[in-house]
$ cat coords.cif   # mmCIF, C-alpha atoms
data_entry
#
loop_
_atom_site.label_atom_id
_atom_site.label_comp_id
_atom_site.auth_asym_id
_atom_site.auth_seq_id
_atom_site.Cartn_x
_atom_site.Cartn_y
_atom_site.Cartn_z
CA MET A 1 -0.67 -17.18 0.66
CA PHE A 2 1.99 -14.53 1.18
CA LEU A 3 1.34 -11.02 2.44
CA VAL A 4 3.42 -7.89 2.04
CA GLU A 5 3.41 -4.78 4.19
CA THR A 6 4.99 -1.33 4.26
CA GLU A 7 8.62 -2.39 3.85
CA PHE A 8 7.78 -4.09 0.55
CA LEU A 9 5.68 -1.10 -0.61
CA PHE A 10 8.53 1.35 -0.04
CA GLY A 11 10.85 -1.18 -1.66
CA LEU A 12 8.93 -0.58 -4.90
CA ILE A 13 10.51 2.89 -5.08
CA PRO A 14 13.70 3.09 -7.16
CA GLY A 15 16.56 4.01 -4.83
CA ASP A 16 15.04 2.39 -1.74
CA PRO A 17 17.49 0.04 0.05
CA TRP A 18 15.16 -2.92 -0.63
CA ASN A 19 14.33 -2.00 -4.24
CA GLY A 20 16.65 -4.60 -5.81
CA ALA A 21 15.19 -7.45 -3.76
CA VAL A 22 11.61 -6.26 -4.29
CA GLU A 23 12.12 -6.04 -8.06
CA GLU A 24 13.53 -9.57 -8.08
CA ALA A 25 10.64 -10.82 -5.95
CA LEU A 26 8.11 -9.13 -8.27
CA ASP A 27 9.55 -10.90 -11.31
CA LEU A 28 9.38 -14.25 -9.52
CA VAL A 29 5.79 -13.63 -8.38
CA LYS A 30 4.79 -12.95 -11.97
CA GLU A 31 6.76 -15.87 -13.38
CA ARG A 32 5.61 -18.43 -10.79
CA LYS A 33 2.08 -17.03 -10.37
CA VAL A 34 2.45 -16.99 -6.59
CA ASP A 35 -0.47 -15.85 -4.41
CA VAL A 36 0.97 -12.66 -2.92
CA ARG A 37 -1.37 -10.02 -1.56
CA CYS A 38 -0.86 -6.54 -0.18
CA LEU A 39 -2.09 -5.60 3.28
CA ALA A 40 -4.26 -2.48 3.38
CA SER A 41 -2.65 -1.85 6.77
CA GLY A 42 0.63 -1.43 4.86
CA VAL A 43 -0.97 1.14 2.58
CA LEU A 44 -2.28 2.96 5.66
CA GLU A 45 1.22 3.07 7.12
CA VAL A 46 2.63 4.38 3.83
CA VAL A 47 0.25 7.33 4.20
CA PHE A 48 1.42 8.19 7.71
CA VAL A 49 5.11 7.57 7.04
CA ALA A 50 4.91 9.87 4.02
CA LYS A 51 2.91 12.48 5.96
CA SER A 52 5.40 12.38 8.81
CA GLN A 53 8.09 13.17 6.21
CA LYS A 54 6.16 16.22 5.01
CA LYS A 55 4.49 14.79 1.90
CA GLU A 56 1.16 16.28 0.81
CA GLU A 57 -1.98 14.25 0.10
CA PRO A 58 -1.85 14.51 -3.74
CA GLU A 59 1.78 13.30 -3.72
CA ILE A 60 0.91 10.39 -1.47
CA ARG A 61 -2.18 9.47 -3.52
CA ALA A 62 -0.16 9.50 -6.75
CA GLY A 63 2.55 7.43 -5.09
CA ILE A 64 0.09 4.83 -3.82
CA ALA A 65 -1.56 4.60 -7.26
CA ALA A 66 1.90 3.96 -8.72
CA MET A 67 2.62 1.29 -6.10
CA LEU A 68 -0.66 -0.49 -6.84
CA SER A 69 -0.07 -0.18 -10.59
CA LYS A 70 3.42 -1.67 -10.32
CA MET A 71 2.27 -4.57 -8.14
CA ARG A 72 -0.72 -5.24 -10.38
CA LYS A 73 1.55 -5.53 -13.42
CA HIS A 74 3.36 -8.33 -11.59
CA GLY A 75 0.26 -10.19 -10.46
CA ILE A 76 -0.23 -8.69 -7.00
CA SER A 77 -3.71 -7.33 -7.46
CA ILE A 78 -5.50 -8.16 -4.23
CA VAL A 79 -5.38 -5.72 -1.34
CA GLU A 80 -6.49 -7.40 1.90
CA PRO A 81 -8.74 -4.93 3.73
CA ILE A 82 -8.47 -4.18 7.44
CA ALA A 83 -11.22 -6.15 9.15
CA LEU A 84 -12.64 -5.76 12.66
CA LYS A 85 -10.86 -8.96 13.71
CA ASP A 86 -7.58 -7.41 12.57
CA ILE A 87 -8.11 -4.34 14.75
CA LEU A 88 -9.11 -6.37 17.79
CA GLY A 89 -6.19 -8.75 17.20
CA CYS A 90 -3.90 -5.74 16.90
CA LEU A 91 -4.90 -4.51 20.35
CA SER A 92 -4.30 -7.94 21.89
CA LEU A 93 -0.86 -8.25 20.29
CA GLN A 94 0.13 -4.74 21.40
CA GLU A 95 -0.82 -5.65 24.94
CA SER A 96 0.92 -9.03 24.88
CA TYR A 97 4.15 -8.12 23.15
CA ALA A 98 4.60 -4.35 23.70
CA ILE A 99 5.12 -3.73 19.99
CA THR A 100 4.13 -0.73 17.86
CA PHE A 101 0.61 -0.28 16.48
CA TYR A 102 1.68 -1.06 12.92
CA ASP A 103 3.76 -4.11 13.92
CA ALA A 104 0.68 -5.42 15.70
CA LEU A 105 -1.79 -4.53 12.94
CA HIS A 106 0.26 -6.21 10.20
CA ALA A 107 0.88 -9.22 12.44
CA SER A 108 -2.78 -9.55 13.37
CA SER A 109 -3.83 -9.30 9.70
CA ASN A 110 -1.30 -12.00 8.87
CA LEU A 111 -2.38 -14.33 11.68
CA ASN A 112 -6.06 -13.94 10.81
CA ARG A 113 -5.34 -15.07 7.23
CA SER A 114 -2.95 -17.90 8.16
CA ALA A 115 -0.49 -16.40 5.70
CA THR A 116 3.27 -15.90 5.57
CA LEU A 117 4.46 -12.34 5.93
CA ILE A 118 7.30 -11.31 3.63
CA SER A 119 9.38 -9.00 5.79
CA ASN A 120 12.96 -8.52 6.92
CA ASP A 121 11.82 -7.20 10.29
CA GLU A 122 12.77 -9.65 13.05
CA THR A 123 10.35 -7.96 15.47
CA TYR A 124 7.69 -10.27 14.05
CA ASP A 125 9.60 -13.33 15.29
CA ARG A 126 8.59 -12.45 18.83
CA ILE A 127 4.99 -13.22 17.99
CA SER A 128 4.12 -16.85 18.44
CA ARG A 129 2.46 -18.66 15.49
CA LEU A 130 3.36 -15.82 13.08
CA LYS A 131 5.00 -17.08 9.92
CA ARG A 132 7.60 -14.72 8.45
CA MET A 133 9.91 -15.06 5.50
CA SER A 134 12.66 -12.58 4.73
CA MET A 135 12.79 -11.01 1.27
CA GLN A 136 15.89 -13.04 0.39
CA GLY A 137 14.30 -16.17 1.85
CA PHE A 138 11.26 -15.65 -0.36
CA ILE A 139 13.43 -15.14 -3.45
CA LYS A 140 15.47 -18.26 -2.63
CA THR A 141 12.31 -20.34 -2.10
CA MET A 142 10.77 -19.15 -5.35
CA LYS A 143 13.93 -20.01 -7.27
CA MET A 144 13.97 -23.61 -5.98
CA MET W 1 -7.77 26.38 -8.80
CA VAL W 2 -11.07 26.22 -10.73
CA ARG W 3 -13.36 23.49 -9.46
CA VAL W 4 -15.06 21.63 -12.30
CA LEU W 5 -18.60 20.40 -11.75
CA GLU W 6 -19.92 18.47 -14.72
CA THR W 7 -22.73 16.01 -15.22
CA VAL W 8 -22.59 13.03 -17.56
CA GLN W 9 -24.90 10.11 -18.21
CA VAL W 10 -24.07 6.47 -17.73
CA SER W 11 -24.48 4.93 -21.19
CA ASP W 12 -24.64 1.35 -22.47
CA LYS W 13 -22.27 -1.11 -20.78
CA TYR W 14 -22.11 1.43 -17.94
CA ARG W 15 -19.66 3.65 -19.81
CA VAL W 16 -19.04 7.11 -18.37
CA VAL W 17 -17.35 9.94 -20.27
CA ILE W 18 -14.55 11.82 -18.52
CA THR W 19 -15.24 15.32 -19.77
CA GLU W 20 -12.70 17.77 -21.13
CA GLY W 21 -13.10 20.01 -18.11
CA VAL W 22 -12.20 17.19 -15.73
CA ARG W 23 -9.37 16.03 -18.00
CA LYS W 24 -7.85 19.50 -17.77
CA SER W 25 -7.57 19.05 -13.99
CA VAL W 26 -6.67 15.37 -14.04
CA PRO W 27 -4.96 14.32 -17.28
CA VAL W 28 -6.20 10.96 -18.57
CA ALA W 29 -5.17 9.36 -21.86
CA VAL W 30 -7.24 7.00 -24.01
CA GLY W 31 -6.25 3.43 -23.16
CA GLN W 32 -4.81 4.41 -19.79
CA GLU W 33 -5.78 2.12 -16.91
CA VAL W 34 -7.68 3.60 -14.00
CA LEU W 35 -8.34 2.28 -10.54
CA GLU W 36 -12.01 2.37 -9.50
CA ILE W 37 -12.81 2.28 -5.82
CA PRO W 38 -16.35 2.24 -4.36
CA LEU W 39 -16.60 4.96 -1.70
CA GLY W 40 -19.96 4.63 0.03
CA ASP W 41 -22.42 5.87 -2.61
CA ALA W 42 -19.64 7.37 -4.77
CA ILE W 43 -16.96 5.95 -7.06
CA LEU W 44 -13.38 7.18 -6.91
CA ILE W 45 -11.43 6.87 -10.16
CA ILE W 46 -7.65 7.16 -9.98
CA PRO W 47 -5.64 7.08 -13.23
CA LEU W 48 -2.81 4.57 -12.97
CA PRO W 49 0.52 5.89 -14.23
CA LYS W 50 2.08 4.38 -17.35
CA ASP W 51 5.50 4.64 -15.75
CA PRO W 52 5.03 3.90 -12.03
CA ASP W 53 8.76 4.10 -11.30
CA ALA W 54 8.95 7.69 -12.54
CA VAL W 55 5.96 8.65 -10.38
CA LEU W 56 7.35 6.87 -7.33
CA LYS W 57 10.70 8.59 -7.73
CA LYS W 58 9.08 11.97 -8.25
CA TYR W 59 6.66 11.91 -5.33
CA LEU W 60 8.04 9.47 -2.76
CA GLY W 61 11.67 9.08 -3.84
CA ASP W 62 13.05 10.83 -0.77
CA VAL W 63 10.82 9.10 1.78
CA ARG W 64 12.77 6.65 3.92
CA PHE W 65 11.21 3.73 5.75
CA SER W 66 12.76 2.35 8.94
CA ARG W 67 11.76 1.39 12.46
CA LYS W 68 12.11 5.05 13.43
CA ALA W 69 9.85 6.03 10.51
CA ARG W 70 7.30 3.48 11.73
CA GLU W 71 7.37 4.99 15.23
CA ASN W 72 7.03 8.53 13.83
CA ALA W 73 4.10 7.43 11.65
CA GLU W 74 2.40 5.99 14.72
CA LYS W 75 3.01 9.19 16.71
CA LEU W 76 1.52 11.30 13.92
CA MET W 77 -1.52 9.04 13.63
CA MET W 78 -2.13 9.20 17.38
CA ALA W 79 -1.71 13.00 17.39
CA GLN W 80 -4.27 13.33 14.60
CA ALA W 81 -6.67 11.03 16.45
CA GLU W 82 -6.31 13.10 19.64
CA LYS W 83 -6.85 16.32 17.67
CA ALA W 84 -10.02 14.88 16.15
CA LEU W 85 -11.39 14.15 19.62
CA GLN W 86 -10.85 17.73 20.89
#
$ encode --input "coords.cif" --output "structure tokens"
Amino acid sequence: MFLVETEFLFGLIPGDPWNGAVEEALDLVKERKVDVRCLASGVLEVVFVAKSQKKEEPEIRAGIAAMLSKMRKHGISIVEPIALKDILGCLSLQESYAITFYDALHASSNLNRSATLISNDETYDRISRLKRMSMQGFIKTMKM
Amino acid sequence: MVRVLETVQVSDKYRVVITEGVRKSVPVAVGQEVLEIPLGDAILIIPLPKDPDAVLKKYLGDVRFSRKARENAEKLMMAQAEKALQ
């Protein structure tokens, strides 16, 4: 199972630096029927990133609906909820690795599901046992 | 903004009519997909856009995500949590 977080969600937006790679990944997910799921922790971060850049709730809600709609059309229709074990794991990772709350929450959610996180962020490589694949790495693997 | 408060009945196959009054506030077209989310004892229905790219560009097109944006998002979340505790 692969999981995507905030970087992938913002990459769904035309004009985002990662949009080209995300679009290519989406087509491959649909074509190969790969099990890719979205982390609810990523959706939560989208809310706060957008709010911190002065977006209002209706704009953010419409944007998230569009993100979910776009992913669903390409076969990403499961959103993994934030469980208690994810929150507790997040606190442990923050303490152990001195990383941000969202780094730790996404990482904890990934570890608890024994999944591979699709992300270009090398911060995750500091966390032992966490499996990460870059966007380009994912595309390359899917094309093989 | 006028708040619409309408009552409808759940019919066979659990169909629910979205009334004209509500449609005036939230445009919904026949055949359009909607997202339904259970919210405690309520159900939230969010119409899914036919052209997600256009919506994303319109509403979040100028939002930039980076490590700095992640740190700012965390700061805002913590500030809101602290405010809630006051």
$ interface_residues --input "coords.cif" --of "chain A" --to "chain W" --cutoff "12 Å" --atoms "only C-alpha atoms" --output "JSON, numbers by chain"
{"A": [5, 6, 7, 8, 9, 10, 11, 12, 13, 14, 15, 16, 17, 18, 19, 23, 42, 44, 45, 46, 47, 48, 49, 50, 51, 52, 53, 54, 55, 56, 57, 58, 59, 60, 61, 62, 63, 64, 65, 66, 67, 68, 69, 70, 71, 72, 73, 77, 79, 99, 100, 101, 102, 103, 104, 105, 120, 121, 122, 123]}
$ closest_residue --input "coords.cif" --among "W:Glu36, W:Glu82, W:Asp41, W:Glu6" --to "Val22 (chain W)" --atoms "only C-alpha atoms"
W:Glu6
$ atom_distance --input "coords.cif" --atom1 "CA of Gln136 (chain A)" --atom2 "CA of Ala25 (chain A)"
8.5 Å
$ resolve_selection --input "coords.cif" --expression "the PyMOL selection byres ((chain A and resi 87) around 12)" --output "PyMOL selection string"
chain A and resi 41+81-86+88-94+101-112
$ atom_distance --input "coords.cif" --atom1 "CA of Ala40 (chain A)" --atom2 "CA of Leu3 (chain A)"
10.3 Å
$ atom_distance --input "coords.cif" --atom1 "CA of Ser134 (chain A)" --atom2 "CA of Ile76 (chain A)"
17.9 Å
$ residues_around --input "coords.cif" --residues "Arg132 (chain A)" --least-positions-apart "5" --cutoff "7 Å" --atoms "only C-alpha atoms" --output "number ranges by chain"
A: 116-119
$ residues_around --input "coords.cif" --residues "Leu26 (chain A)" --least-positions-apart "3" --cutoff "9 Å" --atoms "all atoms listed in the file" --output "list in words"
Ala21, Val22, Glu23, Val29, Lys30, Glu31, Met71, His74, Gly75 and Ile76 of chain A
$ closest_residue --input "coords.cif" --among "A:Val43, A:Leu130, A:Ala98, A:Leu28" --to "Glu80 (chain A)" --atoms "all atoms listed in the file"
A:Val43
$ axis_aligned_box --input "coords.cif" --around "region 66-83 of chain W" --padding-each-side "5 Å" --output "JSON"
{"center_x": 3.0, "center_y": 8.9, "center_z": 14.3, "size_x": 29.6, "size_y": 24.9, "size_z": 20.7}
$ build_atoms --input "coords.cif" --residues "region 58-69 of chain A" --atoms "N, CA and C atoms" --output "PDB file, in the coordinates of the input"
ATOM      1  N   PRO A  58      -1.888  14.886  -2.315  1.00  0.00           N
ATOM      2  CA  PRO A  58      -1.850  14.510  -3.740  1.00  0.00           C
ATOM      3  C   PRO A  58      -0.599  13.703  -4.110  1.00  0.00           C
ATOM      4  N   GLU A  59       0.531  14.042  -3.466  1.00  0.00           N
ATOM      5  CA  GLU A  59       1.780  13.300  -3.720  1.00  0.00           C
ATOM      6  C   GLU A  59       1.639  11.859  -3.228  1.00  0.00           C
ATOM      7  N   ILE A  60       1.052  11.723  -2.059  1.00  0.00           N
ATOM      8  CA  ILE A  60       0.910  10.390  -1.470  1.00  0.00           C
ATOM      9  C   ILE A  60      -0.066   9.558  -2.304  1.00  0.00           C
ATOM     10  N   ARG A  61      -1.167  10.189  -2.714  1.00  0.00           N
ATOM     11  CA  ARG A  61      -2.180   9.470  -3.520  1.00  0.00           C
ATOM     12  C   ARG A  61      -1.558   8.999  -4.835  1.00  0.00           C
ATOM     13  N   ALA A  62      -0.811   9.876  -5.479  1.00  0.00           N
ATOM     14  CA  ALA A  62      -0.160   9.500  -6.750  1.00  0.00           C
ATOM     15  C   ALA A  62       0.839   8.372  -6.517  1.00  0.00           C
ATOM     16  N   GLY A  63       1.565   8.459  -5.417  1.00  0.00           N
ATOM     17  CA  GLY A  63       2.550   7.430  -5.090  1.00  0.00           C
ATOM     18  C   GLY A  63       1.890   6.083  -4.842  1.00  0.00           C
ATOM     19  N   ILE A  64       0.782   6.087  -4.110  1.00  0.00           N
ATOM     20  CA  ILE A  64       0.090   4.830  -3.820  1.00  0.00           C
ATOM     21  C   ILE A  64      -0.488   4.232  -5.111  1.00  0.00           C
ATOM     22  N   ALA A  65      -1.037   5.086  -5.968  1.00  0.00           N
ATOM     23  CA  ALA A  65      -1.560   4.600  -7.260  1.00  0.00           C
ATOM     24  C   ALA A  65      -0.428   3.933  -8.055  1.00  0.00           C
ATOM     25  N   ALA A  66       0.754   4.531  -8.007  1.00  0.00           N
ATOM     26  CA  ALA A  66       1.900   3.960  -8.720  1.00  0.00           C
ATOM     27  C   ALA A  66       2.329   2.636  -8.099  1.00  0.00           C
ATOM     28  N   MET A  67       2.278   2.553  -6.777  1.00  0.00           N
ATOM     29  CA  MET A  67       2.620   1.290  -6.100  1.00  0.00           C
ATOM     30  C   MET A  67       1.646   0.184  -6.509  1.00  0.00           C
ATOM     31  N   LEU A  68       0.363   0.511  -6.484  1.00  0.00           N
ATOM     32  CA  LEU A  68      -0.660  -0.490  -6.840  1.00  0.00           C
ATOM     33  C   LEU A  68      -0.516  -0.903  -8.300  1.00  0.00           C
ATOM     34  N   SER A  69      -0.226   0.089  -9.160  1.00  0.00           N
ATOM     35  CA  SER A  69      -0.070  -0.180 -10.590  1.00  0.00           C
ATOM     36  C   SER A  69       1.119  -1.129 -10.825  1.00  0.00           C
TER      37      SER A  69
END
